[in-house]
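To be precise, the following lines are entry.pdb, and they hold PDB, C-alpha atoms.
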ATOM      1  CA  MET A 173    -113.264  71.638 -51.776  1.00  0.00           C
ATOM      2  CA  TRP A 174    -110.316  71.328 -54.193  1.00  0.00           C
ATOM      3  CA  GLN A 175    -107.705  71.938 -51.498  1.00  0.00           C
ATOM      4  CA  ARG A 176    -109.441  69.533 -49.106  1.00  0.00           C
ATOM      5  CA  ARG A 177    -109.580  66.809 -51.771  1.00  0.00           C
ATOM      6  CA  LEU A 178    -105.874  67.265 -52.541  1.00  0.00           C
ATOM      7  CA  PHE A 179    -104.992  67.093 -48.841  1.00  0.00           C
ATOM      8  CA  TYR A 180    -106.918  63.845 -48.281  1.00  0.00           C
ATOM      9  CA  ALA A 181    -105.593  62.272 -51.480  1.00  0.00           C
ATOM     10  CA  THR A 182    -101.981  62.983 -50.575  1.00  0.00           C
ATOM     11  CA  GLN A 183    -102.622  61.504 -47.126  1.00  0.00           C
ATOM     12  CA  LEU A 184    -103.401  58.203 -48.900  1.00  0.00           C
ATOM     13  CA  VAL A 185     -99.830  58.178 -50.167  1.00  0.00           C
ATOM     14  CA  ARG A 186     -98.212  59.495 -46.985  1.00  0.00           C
ATOM     15  CA  SER A 187     -99.960  57.018 -44.702  1.00  0.00           C
ATOM     16  CA  GLN A 188     -98.434  54.047 -46.547  1.00  0.00           C
ATOM     17  CA  LEU A 189     -94.950  54.620 -45.126  1.00  0.00           C
ATOM     18  CA  LYS A 190     -93.548  54.488 -41.645  1.00  0.00           C
ATOM     19  CA  ARG A 191     -90.210  55.913 -40.589  1.00  0.00           C
ATOM     20  CA  GLY A 192     -87.392  53.910 -42.164  1.00  0.00           C
ATOM     21  CA  ASN A 193     -89.536  52.270 -44.885  1.00  0.00           C
ATOM     22  CA  SER A 194     -88.302  52.225 -48.454  1.00  0.00           C
ATOM     23  CA  TYR A 195     -90.172  54.466 -50.888  1.00  0.00           C
ATOM     24  CA  ASP A 196     -90.738  51.505 -53.219  1.00  0.00           C
ATOM     25  CA  ARG A 197     -93.434  50.363 -50.768  1.00  0.00           C
ATOM     26  CA  ILE A 198     -95.761  53.101 -52.037  1.00  0.00           C
ATOM     27  CA  ASN A 199     -98.741  51.614 -53.880  1.00  0.00           C
ATOM     28  CA  GLN A 200    -101.080  53.212 -56.363  1.00  0.00           C
ATOM     29  CA  SER A 201    -103.492  55.624 -54.667  1.00  0.00           C
ATOM     30  CA  ILE A 202    -106.905  56.326 -56.154  1.00  0.00           C
ATOM     31  CA  CYS A 203    -109.259  58.796 -54.541  1.00  0.00           C
ATOM     32  CA  ILE A 204    -112.937  58.767 -55.555  1.00  0.00           C
ATOM     33  CA  LEU A 205    -115.158  61.718 -54.747  1.00  0.00           C
ATOM     34  CA  ILE A 206    -118.904  61.400 -55.402  1.00  0.00           C
ATOM     35  CA  VAL A 207    -120.706  64.730 -55.223  1.00  0.00           C
ATOM     36  CA  ASP A 208    -124.282  65.853 -55.758  1.00  0.00           C
ATOM     37  CA  PHE A 209    -123.250  69.206 -57.212  1.00  0.00           C
ATOM     38  CA  GLU A 210    -121.223  70.508 -60.147  1.00  0.00           C
ATOM     39  CA  MET A 211    -117.558  70.748 -59.267  1.00  0.00           C
ATOM     40  CA  VAL A 212    -115.888  70.822 -62.690  1.00  0.00           C
ATOM     41  CA  SER A 213    -117.609  73.548 -64.680  1.00  0.00           C
ATOM     42  CA  GLU A 214    -115.208  73.357 -67.646  1.00  0.00           C
ATOM     43  CA  ASN A 215    -117.033  70.382 -69.197  1.00  0.00           C
ATOM     44  CA  THR A 216    -120.216  68.328 -69.111  1.00  0.00           C
ATOM     45  CA  ASP A 217    -118.544  65.011 -68.286  1.00  0.00           C
ATOM     46  CA  TYR A 218    -119.780  63.481 -65.059  1.00  0.00           C
ATOM     47  CA  HIS A 219    -116.529  61.540 -64.525  1.00  0.00           C
ATOM     48  CA  ASN A 220    -113.340  63.587 -64.330  1.00  0.00           C
ATOM     49  CA  ARG A 221    -110.001  61.892 -63.665  1.00  0.00           C
ATOM     50  CA  PHE A 222    -107.078  63.975 -62.455  1.00  0.00           C
ATOM     51  CA  ALA A 223    -103.533  62.610 -62.338  1.00  0.00           C
ATOM     52  CA  LEU A 224     -99.966  63.880 -62.270  1.00  0.00           C
ATOM     53  CA  TYR A 225     -98.493  64.317 -65.730  1.00  0.00           C
ATOM     54  CA  ASN A 226     -95.846  66.143 -67.739  1.00  0.00           C
ATOM     55  CA  ARG A 227     -97.560  69.188 -69.273  1.00  0.00           C
ATOM     56  CA  LYS A 228     -95.199  69.261 -72.236  1.00  0.00           C
ATOM     57  CA  THR A 229     -95.341  65.597 -73.283  1.00  0.00           C
ATOM     58  CA  GLY A 230     -98.561  64.419 -71.644  1.00  0.00           C
ATOM     59  CA  THR A 231     -96.662  61.540 -70.032  1.00  0.00           C
ATOM     60  CA  GLU A 232     -98.336  60.437 -66.829  1.00  0.00           C
ATOM     61  CA  PHE A 233     -96.320  60.187 -63.602  1.00  0.00           C
ATOM     62  CA  PRO A 234     -95.225  56.541 -63.278  1.00  0.00           C
ATOM     63  CA  VAL A 235     -96.409  56.033 -59.690  1.00  0.00           C
ATOM     64  CA  GLY A 236    -100.194  55.777 -59.685  1.00  0.00           C
ATOM     65  CA  PHE A 237    -101.910  58.723 -58.038  1.00  0.00           C
ATOM     66  CA  GLU A 238    -105.256  59.974 -59.207  1.00  0.00           C
ATOM     67  CA  ILE A 239    -108.385  61.763 -58.065  1.00  0.00           C
ATOM     68  CA  ASN A 240    -111.684  60.755 -59.651  1.00  0.00           C
ATOM     69  CA  ILE A 241    -114.706  63.017 -59.322  1.00  0.00           C
ATOM     70  CA  LEU A 242    -118.190  61.735 -60.134  1.00  0.00           C
ATOM     71  CA  GLU A 243    -120.691  64.587 -60.404  1.00  0.00           C
ATOM     72  CA  LEU A 244    -124.126  63.012 -60.046  1.00  0.00           C
ATOM     73  CA  PRO A 245    -126.120  65.916 -61.564  1.00  0.00           C
ATOM     74  CA  LYS A 246    -124.197  65.387 -64.821  1.00  0.00           C
ATOM     75  CA  ALA A 247    -124.777  61.613 -64.932  1.00  0.00           C
ATOM     76  CA  PRO A 248    -126.279  60.373 -68.195  1.00  0.00           C
ATOM     77  CA  GLY A 249    -129.843  59.102 -68.376  1.00  0.00           C
ATOM     78  CA  PRO A 250    -129.837  55.443 -69.422  1.00  0.00           C
ATOM     79  CA  ALA A 251    -126.691  53.542 -68.460  1.00  0.00           C
ATOM     80  CA  ARG A 252    -124.302  52.929 -71.356  1.00  0.00           C
ATOM     81  CA  THR A 253    -121.189  51.771 -69.502  1.00  0.00           C
ATOM     82  CA  ALA A 254    -120.328  49.840 -66.346  1.00  0.00           C
ATOM     83  CA  LEU A 255    -119.492  53.156 -64.650  1.00  0.00           C
ATOM     84  CA  ASP A 256    -122.929  54.503 -65.598  1.00  0.00           C
ATOM     85  CA  GLU A 257    -124.582  51.444 -64.052  1.00  0.00           C
ATOM     86  CA  TRP A 258    -122.506  51.731 -60.886  1.00  0.00           C
ATOM     87  CA  SER A 259    -123.228  55.461 -60.584  1.00  0.00           C
ATOM     88  CA  ALA A 260    -126.957  54.824 -60.961  1.00  0.00           C
ATOM     89  CA  ILE A 261    -126.927  53.289 -57.471  1.00  0.00           C
ATOM     90  CA  PHE A 262    -126.387  56.777 -56.043  1.00  0.00           C
ATOM     91  CA  LEU A 263    -129.096  58.319 -58.206  1.00  0.00           C
ATOM     92  CA  GLN A 264    -131.913  56.091 -56.965  1.00  0.00           C
ATOM     93  CA  GLU A 265    -134.428  57.843 -54.785  1.00  0.00           C
TER      94      GLU A 265
END

Output the structure of this file as structure tokens.
Amino acid sequence: MWQRRLFYATQLVRSQLKRGNSYDRINQSICILIVDFEMVSENTDYHNRFALYNRKTGTEFPVGFEINILELPKAPGPARTALDEWSAIFLQE
């Protein structure tokens, strides 16, 4: 699943350019993956945001590229934030 997600996310960037276009035409790319299983076992957060960054300084890559994973089984009970409320749509039976 991780490799597939990376492949599709990079296609969002690649598909923005045609032969001969300038690279400054690349817009921010945000990929959102909503899953009904645990994908990120390292923590209990239901929203995990992955982006390119400098490991030494923590500086994020200046061109927007990120992958957001919402793990529905980890979603909190009562909604506390706008994201919680939005995610609740997928939790309704």

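For the choices A:Ser213, A:Thr229, A:Gln183, A:Gln264, the atom-to-atom distance to Lys246 (chain A) is smallest for A:Ser213 when using all atoms listed in the file.
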
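Once the PyMOL selection byres ((chain A and resi 204) around 7) is applied to this file, the selection holds A:Ile202, A:Cys203, A:Leu205, A:Ile206, A:Ile239, A:Asn240, A:Ile241.
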
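Taking CA of Ser201 (chain A) as the reference point, CA of Val185 (chain A) is found at 6.3 Å.
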
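Taking all atoms listed in the file, the non-local environment of Arg186 (chain A) within 10 Å (same-chain residues fewer than 5 positions away omitted) comprises Tyr180, Ala181 and Ile198 of chain A.
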
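Between CA of Tyr218 (chain A) and CA of Phe262 (chain A) there is a distance of 13.0 Å.
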
Inset, instruction - Quick one: everything within 12 Å of Pro234 (chain A), counting all atoms listed in the file, minus sequence neighbours fewer than 2 positions away in the same chain. Send it as a ChimeraX atom specification. - result: /A:198-201,223-226,230-232,236-238

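Atom to atom, CA of Leu255 (chain A) and CA of Arg227 (chain A) stand 27.6 Å apart.
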
Starting from 4 Å padding per side, set up an axis-aligned box that covers all listed atoms of region 210-216 of chain A and hand over centre and edge lengths in Å, one decimal, as JSON.
{"center_x": -118.2, "center_y": 70.9, "center_z": -64.2, "size_x": 14.0, "size_y": 13.2, "size_z": 17.9}

Test item: the PyMOL selection byres ((chain A and resi 244) around 12) resolved as a compact mmCIF listing (two decimals) with C-alpha atoms, in the frame of the given file:
# COMPACT_ATOMS: atom_id res chain seq x y z
CA LEU A 205 -115.16 61.72 -54.75
CA ILE A 206 -118.90 61.40 -55.40
CA VAL A 207 -120.71 64.73 -55.22
CA ASP A 208 -124.28 65.85 -55.76
CA PHE A 209 -123.25 69.21 -57.21
CA GLU A 210 -121.22 70.51 -60.15
CA MET A 211 -117.56 70.75 -59.27
CA VAL A 212 -115.89 70.82 -62.69
CA THR A 216 -120.22 68.33 -69.11
CA ASP A 217 -118.54 65.01 -68.29
CA TYR A 218 -119.78 63.48 -65.06
CA HIS A 219 -116.53 61.54 -64.53
CA ASN A 220 -113.34 63.59 -64.33
CA ILE A 241 -114.71 63.02 -59.32
CA LEU A 242 -118.19 61.74 -60.13
CA GLU A 243 -120.69 64.59 -60.40
CA PRO A 245 -126.12 65.92 -61.56
CA LYS A 246 -124.20 65.39 -64.82
CA ALA A 247 -124.78 61.61 -64.93
CA PRO A 248 -126.28 60.37 -68.19
CA GLY A 249 -129.84 59.10 -68.38
CA LEU A 255 -119.49 53.16 -64.65
CA ASP A 256 -122.93 54.50 -65.60
CA TRP A 258 -122.51 51.73 -60.89
CA SER A 259 -123.23 55.46 -60.58
CA ALA A 260 -126.96 54.82 -60.96
CA ILE A 261 -126.93 53.29 -57.47
CA PHE A 262 -126.39 56.78 -56.04
CA LEU A 263 -129.10 58.32 -58.21
CA GLN A 264 -131.91 56.09 -56.96

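Among the candidate residues A:Val235, A:Glu214, A:Lys228, A:Arg221, the one lying nearest to Arg197 (chain A) is A:Val235, with distances computed using all atoms listed in the file.
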